[in-house]
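Source file coords15.txt; content: compact mmCIF, C-alpha atoms.
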# COMPACT_ATOMS: atom_id res chain seq x y z
CA MET A 982 0.00 0.00 0.00
CA THR A 983 1.27 3.47 -0.86
CA ARG A 984 0.63 6.38 1.46
CA GLY A 985 1.12 10.10 1.06
CA ARG A 986 0.04 12.79 3.47
CA PRO A 987 -2.22 11.61 6.29
CA GLY A 988 -5.78 11.84 5.09
CA THR A 989 -4.98 11.52 1.39
CA ALA A 990 -4.11 7.83 1.26
CA THR A 991 -6.20 4.75 0.67
CA ALA A 992 -6.46 2.48 3.69
CA GLY A 993 -5.92 -0.89 2.01
CA ALA A 994 -5.55 -4.14 3.90
CA SER A 995 -3.70 -4.02 7.20
CA ALA A 996 -0.85 -6.39 8.00
CA THR A 997 -1.65 -9.57 9.86
CA GLY A 998 0.09 -11.17 12.78
CA VAL A 999 1.84 -9.64 15.74
CA ARG A 1000 2.63 -6.34 14.05
CA GLU A 1001 -1.08 -5.49 14.04
CA LEU A 1002 -1.67 -6.04 17.76
CA PRO A 1003 0.21 -2.98 19.11
CA ARG A 1004 -1.71 -0.77 16.66
CA ARG A 1005 -4.98 -2.04 18.12
CA GLU A 1006 -3.70 -1.29 21.61
CA LEU A 1007 -2.73 2.23 20.53
CA GLY A 1008 -6.16 2.73 18.98
CA ALA A 1009 -7.91 1.60 22.15
CA PHE A 1010 -5.77 3.97 24.22
CA LEU A 1011 -6.55 6.94 21.95
CA ARG A 1012 -10.26 6.12 22.07
CA SER A 1013 -10.21 5.98 25.89
CA ARG A 1014 -8.57 9.42 26.03
CA ARG A 1015 -10.98 10.88 23.47
CA GLU A 1016 -13.96 9.65 25.49
CA ARG A 1017 -12.79 11.36 28.69
CA LEU A 1018 -12.77 14.84 27.10
CA THR A 1019 -15.65 17.26 26.63
CA PRO A 1020 -15.89 19.96 23.92
CA GLY A 1021 -15.36 22.57 26.62
CA ASP A 1022 -12.02 20.97 27.55
CA VAL A 1023 -10.63 21.81 24.10
CA GLY A 1024 -12.42 25.11 23.49
CA LEU A 1025 -15.22 23.78 21.27
CA PRO A 1026 -18.93 24.55 21.64
CA ASP A 1027 -21.07 21.83 23.19
CA GLY A 1028 -23.54 21.30 20.38
CA PRO A 1029 -26.78 19.27 20.51
CA GLY A 1030 -27.20 15.62 19.64
CA ARG A 1031 -24.40 14.10 21.75
CA ARG A 1032 -25.43 10.62 22.84
CA THR A 1033 -22.01 9.28 23.83
CA PRO A 1034 -19.38 10.74 26.18
CA GLY A 1035 -16.29 12.48 24.94
CA LEU A 1036 -15.23 14.22 21.77
CA ARG A 1037 -16.26 13.04 18.34
CA ARG A 1038 -13.60 11.59 16.07
CA ALA A 1039 -14.16 14.45 13.65
CA GLU A 1040 -13.39 16.97 16.38
CA VAL A 1041 -10.12 15.26 17.29
CA ALA A 1042 -9.16 15.05 13.62
CA GLU A 1043 -9.84 18.75 13.15
CA LEU A 1044 -7.79 19.70 16.20
CA ALA A 1045 -4.92 17.47 15.06
CA GLY A 1046 -5.02 18.71 11.45
CA ILE A 1047 -5.66 15.29 9.86
CA SER A 1048 -8.59 13.76 8.03
CA VAL A 1049 -11.44 12.06 9.86
CA SER A 1050 -10.83 8.86 7.89
CA TRP A 1051 -7.19 8.74 8.91
CA TYR A 1052 -7.97 9.30 12.59
CA THR A 1053 -10.71 6.65 12.41
CA TRP A 1054 -8.27 4.13 10.92
CA LEU A 1055 -5.78 5.06 13.67
CA GLU A 1056 -8.30 4.25 16.41
CA GLN A 1057 -9.21 1.03 14.61
CA GLY A 1058 -5.56 -0.06 14.49
CA ARG A 1059 -5.56 -0.23 10.70
CA VAL A 1060 -2.67 2.11 9.90
CA ARG A 1061 0.85 2.90 10.97
CA THR A 1062 1.59 6.60 11.23
CA SER A 1063 4.42 9.00 11.96
CA GLU A 1064 5.71 10.62 15.12
CA GLN A 1065 4.57 14.00 13.78
CA VAL A 1066 0.96 12.84 13.44
CA LEU A 1067 0.96 11.15 16.84
CA ARG A 1068 2.31 14.30 18.48
CA ALA A 1069 -0.49 16.29 16.87
CA VAL A 1070 -3.07 13.78 18.10
CA ALA A 1071 -1.51 13.86 21.59
CA ARG A 1072 -1.87 17.65 21.68
CA ALA A 1073 -5.46 17.42 20.48
CA LEU A 1074 -6.31 14.90 23.21
CA ARG A 1075 -4.54 16.98 25.87
CA LEU A 1076 -2.25 14.08 26.82
CA ASP A 1077 0.25 14.62 29.61
CA GLY A 1078 3.96 13.86 29.30
CA ALA A 1079 3.69 10.19 30.29
CA GLU A 1080 0.72 9.58 28.00
CA THR A 1081 2.45 11.29 25.08
CA ALA A 1082 5.58 9.17 25.60
CA HIS A 1083 3.36 6.07 25.69
CA VAL A 1084 1.72 7.01 22.37
CA LEU A 1085 5.07 7.77 20.71
CA SER A 1086 6.43 4.38 21.76
CA PHE A 1087 4.16 2.84 19.12
CA VAL A 1088 5.96 4.58 16.23
CA ALA A 1089 8.40 1.67 15.92
CA ASP A 1090 6.53 -1.06 14.09
CA ASP A 1091 8.97 -3.86 14.89
CA PRO A 1092 8.43 -5.55 18.28
CA PRO A 1093 11.23 -5.12 20.84
CA SER A 1094 13.70 -7.98 21.01
CA ASP A 1095 13.58 -10.42 23.91
CA ALA A 1096 15.93 -9.78 26.82
CA PRO A 1097 18.38 -12.46 28.00
CA THR A 1098 17.22 -14.66 30.85
CA TRP A 1099 20.61 -14.60 32.58
CA VAL A 1100 22.45 -11.95 34.61
CA SER A 1101 26.10 -11.31 33.82
CA PRO A 1102 28.77 -11.79 36.53
CA ASN A 1103 29.54 -8.04 36.37
CA LEU A 1104 25.95 -7.01 37.06
CA LEU A 1105 25.53 -9.68 39.72
CA SER A 1106 28.69 -8.43 41.46
CA LEU A 1107 27.30 -4.87 41.40
CA VAL A 1108 24.04 -5.99 43.00
CA ARG A 1109 25.88 -7.80 45.80
CA ALA A 1110 28.29 -4.90 46.34
CA MET A 1111 25.37 -2.53 46.99
CA THR A 1112 24.55 -4.25 50.31
CA PRO A 1113 23.30 -2.97 52.77
CA HIS A 1114 21.54 -0.81 50.19
CA PRO A 1115 18.73 -2.84 48.56
CA ALA A 1116 19.32 -3.63 44.89
CA VAL A 1117 17.76 -5.92 42.29
CA VAL A 1118 17.90 -6.71 38.55
CA LEU A 1119 14.59 -6.67 36.66
CA ASP A 1120 13.77 -8.14 33.25
CA PRO A 1121 11.25 -6.47 30.87
CA HIS A 1122 8.36 -8.17 32.72
CA TRP A 1123 9.72 -6.80 36.01
CA ASP A 1124 10.57 -10.32 37.13
CA LEU A 1125 13.36 -10.34 39.73
CA LEU A 1126 16.45 -12.00 38.24
CA ALA A 1127 18.95 -11.13 41.00
CA TRP A 1128 18.80 -9.39 44.37
CA ASN A 1129 21.01 -8.77 47.37
CA ALA A 1130 20.63 -9.29 51.11
CA GLY A 1131 19.59 -5.66 51.56
CA TYR A 1132 16.60 -6.14 49.24
CA ALA A 1133 15.59 -9.35 51.02
CA ALA A 1134 15.76 -7.58 54.39
CA LEU A 1135 13.73 -4.57 53.21
CA LEU A 1136 10.86 -6.48 51.57
CA THR A 1137 11.09 -10.26 51.65
CA ASP A 1138 13.55 -12.82 50.34
CA PRO A 1139 12.39 -13.62 46.78
CA ALA A 1140 14.06 -17.04 47.11
CA ARG A 1141 11.22 -18.00 49.46
CA LEU A 1142 8.57 -17.17 46.85
CA HIS A 1143 7.33 -19.28 43.98
CA PRO A 1144 9.32 -18.35 40.82
CA LYS A 1145 6.15 -16.89 39.22
CA GLN A 1146 5.77 -14.59 42.24
CA ARG A 1147 9.28 -13.14 42.02
CA ASN A 1148 8.00 -10.01 40.33
CA LEU A 1149 7.96 -6.38 41.46
CA LEU A 1150 4.30 -5.86 40.54
CA TRP A 1151 3.30 -9.10 42.29
CA LEU A 1152 5.01 -7.90 45.47
CA VAL A 1153 3.30 -4.51 45.29
CA PHE A 1154 -0.23 -5.78 44.66
CA ARG A 1155 -0.41 -9.42 45.73
CA TRP A 1156 1.91 -9.59 48.75
CA PRO A 1157 -0.23 -8.09 51.60
CA PRO A 1158 2.58 -6.64 53.79
CA THR A 1159 3.51 -4.17 51.03
CA ARG A 1160 0.38 -2.12 51.66
CA THR A 1161 1.65 -1.20 55.11
CA LEU A 1162 5.35 -1.31 54.26
CA LEU A 1163 4.97 1.43 51.62
CA ALA A 1164 3.83 4.57 53.43
CA ASP A 1165 2.37 6.01 50.22
CA TRP A 1166 1.16 2.70 48.84
CA GLU A 1167 -1.61 3.95 46.54
CA GLN A 1168 0.53 6.68 44.95
CA ASP A 1169 3.53 4.39 44.46
CA ALA A 1170 1.51 1.37 43.34
CA ARG A 1171 -0.48 3.38 40.83
CA ALA A 1172 2.68 4.89 39.32
CA LEU A 1173 4.39 1.49 39.05
CA LEU A 1174 1.34 -0.07 37.42
CA GLY A 1175 1.19 2.78 34.90
CA GLN A 1176 4.83 2.22 33.95
CA PHE A 1177 4.24 -1.52 33.67
CA ARG A 1178 1.16 -1.03 31.49
CA SER A 1179 3.07 1.16 29.05
CA ARG A 1180 5.59 -1.64 28.55
CA ALA A 1181 3.01 -4.43 28.37
CA ALA A 1182 1.01 -2.53 25.74
CA ARG A 1183 3.89 -2.81 23.29
CA ARG A 1184 3.91 -6.62 23.59
CA PRO A 1185 0.25 -7.75 23.58
CA TRP A 1186 1.29 -11.20 22.30
CA ASP A 1187 3.68 -11.80 25.24
CA ALA A 1188 2.45 -14.72 27.38
CA ARG A 1189 4.31 -13.60 30.52
CA PHE A 1190 2.74 -10.14 30.41
CA ALA A 1191 -0.69 -11.73 29.94
CA GLU A 1192 -0.07 -14.05 32.87
CA LEU A 1193 0.94 -11.16 35.14
CA VAL A 1194 -2.04 -9.02 34.13
CA GLU A 1195 -4.39 -11.92 34.89
CA GLU A 1196 -2.79 -12.32 38.33
CA LEU A 1197 -2.95 -8.58 39.05
CA ARG A 1198 -6.66 -8.53 38.26
CA TYR A 1199 -7.29 -10.44 41.48
CA ASP A 1200 -6.55 -7.12 43.19
CA ALA A 1201 -9.49 -4.73 42.81
CA ASP A 1202 -7.32 -1.60 42.73
CA ALA A 1203 -4.97 -3.00 40.08
CA ALA A 1204 -7.88 -4.19 37.93
CA ARG A 1205 -9.61 -0.80 38.06
CA TRP A 1206 -6.49 1.25 37.29
CA TYR A 1207 -5.41 -1.13 34.52
CA ASP A 1208 -8.82 -0.99 32.83
CA HIS A 1209 -8.65 2.81 32.91
CA ARG A 1210 -5.51 2.47 30.75
CA GLU A 1211 -3.51 4.63 33.13
CA THR A 1212 0.09 5.13 32.08
CA ALA A 1213 3.07 6.67 33.82
CA ALA A 1214 6.71 7.47 33.09
CA PHE A 1215 9.57 6.64 35.43
CA HIS A 1216 10.87 9.53 37.54
CA PRO A 1217 13.56 9.29 40.21
CA SER A 1218 11.74 9.70 43.50
CA VAL A 1219 11.93 9.19 47.25
CA ARG A 1220 9.86 6.32 48.61
CA ARG A 1221 8.85 6.21 52.25
CA PHE A 1222 8.85 2.85 54.03
CA ARG A 1223 7.45 1.90 57.43
CA HIS A 1224 9.50 -1.15 58.24
CA PRO A 1225 8.38 -3.33 61.18
CA THR A 1226 11.91 -3.49 62.65
CA ALA A 1227 13.90 -0.66 60.98
CA GLY A 1228 11.19 1.97 61.41
CA GLU A 1229 10.73 4.96 59.07
CA LEU A 1230 12.94 4.85 55.97
CA ARG A 1231 13.37 7.36 53.15
CA LEU A 1232 14.88 5.67 50.10
CA ARG A 1233 15.73 7.19 46.72
CA TYR A 1234 14.48 4.97 43.92
CA VAL A 1235 17.18 4.74 41.21
CA LYS A 1236 16.72 2.77 37.99
CA LEU A 1237 19.45 2.24 35.36
CA ALA A 1238 19.42 0.38 32.04
CA ALA A 1239 21.96 -2.41 31.73
CA VAL A 1240 23.92 -1.71 28.55
CA GLU A 1241 25.48 -5.16 28.32
CA GLU A 1242 22.11 -6.85 28.89
CA PRO A 1243 19.48 -5.07 26.74
CA GLY A 1244 16.07 -5.16 28.38
CA HIS A 1245 17.40 -5.55 31.92
CA HIS A 1246 17.33 -2.79 34.53
CA PHE A 1247 19.33 -2.32 37.70
CA LEU A 1248 17.16 -0.98 40.52
CA ALA A 1249 18.59 0.37 43.77
CA TYR A 1250 17.18 2.00 46.89
CA LEU A 1251 19.62 4.58 48.25
CA PRO A 1252 19.24 6.26 51.68
CA ASP A 1253 17.94 9.81 51.47
CA ASP A 1254 19.15 10.79 54.94
CA ARG A 1255 21.62 9.73 57.62
CA ALA A 1256 18.96 8.09 59.77
CA THR A 1257 17.93 5.81 56.91
CA GLU A 1258 21.57 4.92 56.20
CA LYS A 1259 22.05 3.85 59.83
CA ALA A 1260 18.76 1.96 59.85
CA LEU A 1261 19.72 -0.02 56.74
CA ARG A 1262 22.99 -1.08 58.34
CA ARG A 1263 21.21 -2.13 61.53
CA LEU A 1264 18.64 -4.03 59.47
CA GLN A 1265 21.34 -5.88 57.58
CA SER A 1266 23.43 -6.71 60.64
CA GLY A 1267 20.41 -7.78 62.68

In structure tokens, write the structure found in this file.
Amino acid sequence: MTRGRPGTATAGASATGVRELPRRELGAFLRSRRERLTPGDVGLPDGPGRRTPGLRRAEVAELAGISVSWYTWLEQGRVRTSEQVLRAVARALRLDGAETAHVLSFVADDPPSDAPTWVSPNLLSLVRAMTPHPAVVLDPHWDLLAWNAGYAALLTDPARLHPKQRNLLWLVFRWPPTRTLLADWEQDARALLGQFRSRAARRPWDARFAELVEELRYDADAARWYDHRETAAFHPSVRRFRHPTAGELRLRYVKLAAVEEPGHHFLAYLPDDRATEKALRRLQSG
């Protein structure tokens, strides 16, 4: 199929297979954001005859400067489009920074490559050397591949969990002590789930993501936030913990990409004050 400017091309038949699935996910996300807006939100008059919530597709297309047909095909997952068009649509839908980044992640049509299932000796040595500061290596599904004694002391020892439960999202939503351990549980859990959803949306064919989403749906909060298609971007932050033996902790949440292991991330919790530093050392020694 040959395409020119958006709105001037013929739709044609869409590709089949896994390449089509992320486009459908993108379309569903755009539709959910269109339906949450009112004409007044974007400076348009609220005319008569509105039977469904949100903006009309024609209104979004006009605001974005593209044809109604093209925007319709975009919501239906029938076309691949450019970063320029998606940025225009993001502005029209009043998307925030995290939502815009999520939309732009769909520009690449090829699915991301799979990450290795092993952790290199160098990265494993780094994780161990961080003790007493908690540290862990995550794969793209946020499964825990390696952790140190500091991480086990702060949360729980992942070695005691079933391998399918060694996952950051599982610990946040399905391991009950986390709700009291994290002082700002709802804020932190919601942000983590939004980051996870942005990654899972790019791999709708991935069985591990599907398995985790099914497990998370047993938690009412996770199910509700996930169905709202909430997304979030990672930002370095300070997390507050109320540990049963170490007391109040303030830990800076640091996440780094592992260059030698594409798809893996090194996650560390660094003390934000002297009291937390001392408490971590007591926790590790005790």

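For the pair CA of Ser1063 in chain A and CA of Glu1043 in chain A, the interatomic distance is 17.3 Å.
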
Find the residues of range 1226-1250 of chain A that sit at most 12 Å from range 1259-1266 of chain A; for each, write down the nearest two atoms and how far apart they are in Å, to one decimal. Count only C-alpha atoms. Sort by chain, then by number going up, and give it as JSON lines.
{"residue": "A:Thr1226", "atom": "CA", "partner": "A:Leu1264", "partner_atom": "CA", "distance": 7.5}
{"residue": "A:Ala1227", "atom": "CA", "partner": "A:Ala1260", "partner_atom": "CA", "distance": 5.6}
{"residue": "A:Gly1228", "atom": "CA", "partner": "A:Ala1260", "partner_atom": "CA", "distance": 7.7}
{"residue": "A:Glu1229", "atom": "CA", "partner": "A:Ala1260", "partner_atom": "CA", "distance": 8.6}
{"residue": "A:Leu1230", "atom": "CA", "partner": "A:Ala1260", "partner_atom": "CA", "distance": 7.6}
{"residue": "A:Arg1231", "atom": "CA", "partner": "A:Ala1260", "partner_atom": "CA", "distance": 10.2}
{"residue": "A:Leu1232", "atom": "CA", "partner": "A:Leu1261", "partner_atom": "CA", "distance": 10.0}
{"residue": "A:Tyr1250", "atom": "CA", "partner": "A:Leu1261", "partner_atom": "CA", "distance": 10.4}

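Distances here use all atoms listed in the file; by that measure, the residue among A:Leu1105, A:Leu1162, A:Met1111, A:Leu1036 closest to Leu1074 in chain A is A:Leu1036.
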
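Minimum distance to Leu1237 in chain A across A:Ala1116, A:Ala1079, A:Ala1256, A:Leu1002 (counting only C-alpha atoms) occurs at A:Ala1116.
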
*Which of these, A:Val1240, A:Val1088, A:Ala1188, A:Leu1125, has the shortest distance to Pro1144 in chain A once you count all atoms listed in the file?*
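Closest candidate: A:Leu1125.
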
*For the atom pair CA of Phe1222 in chain A and CA of Asp1077 in chain A, what is the interatomic distance in Å to one decimal place?*
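The value is 28.4 Å.
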
_Interatomic distance (Å, one decimal) between CA of Leu1044 in chain A and CA of Ala1073 in chain A_ =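 These two atoms are separated by 5.4 Å.
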
*For Arg1012 in chain A, work out the shell of residues within 10 Å, counting only C-alpha atoms and skipping chain neighbours fewer than 6 positions away, then give it as a list in words.*
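Final neighbour list, sorted by chain and number: Glu1006, Gly1035, Leu1036, Arg1037, Arg1038, Thr1053, Leu1055, Glu1056, Gln1057 and Leu1074 of chain A.
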
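Every protein, DNA or RNA residue with an atom at most 9 Å from Phe1177 in chain A, where all atoms listed in the file count and chain neighbours fewer than 3 positions away do not, is listed here: His1122, Trp1123, Leu1150, Ala1172, Leu1173, Leu1174, Arg1180, Ala1181, Ala1182, Thr1212 and Ala1213 of chain A.
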
*Can you work out which one of A:Glu1241, A:Asp1120, A:Asp1165, A:Glu1211 has the shortest atom-to-atom distance to Leu1149 in chain A, counting all atoms listed in the file?*
A:Asp1120

_From A:Glu1040, A:Glu1258, A:Asp1138, A:Glu1167, residue lying nearest Leu1018 in chain A [all atoms listed in the file]_ =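 When distances to Leu1018 in chain A are compared using all atoms listed in the file, the smallest one comes from A:Glu1040.
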
*Residues within 10 Å of Glu1080 in chain A, all atoms listed in the file, excluding chain neighbours under 6 positions, as an MDAnalysis selection string*: chainID A and resid 1010:1011 1014 1071 1086 1175 1179 1210:1214
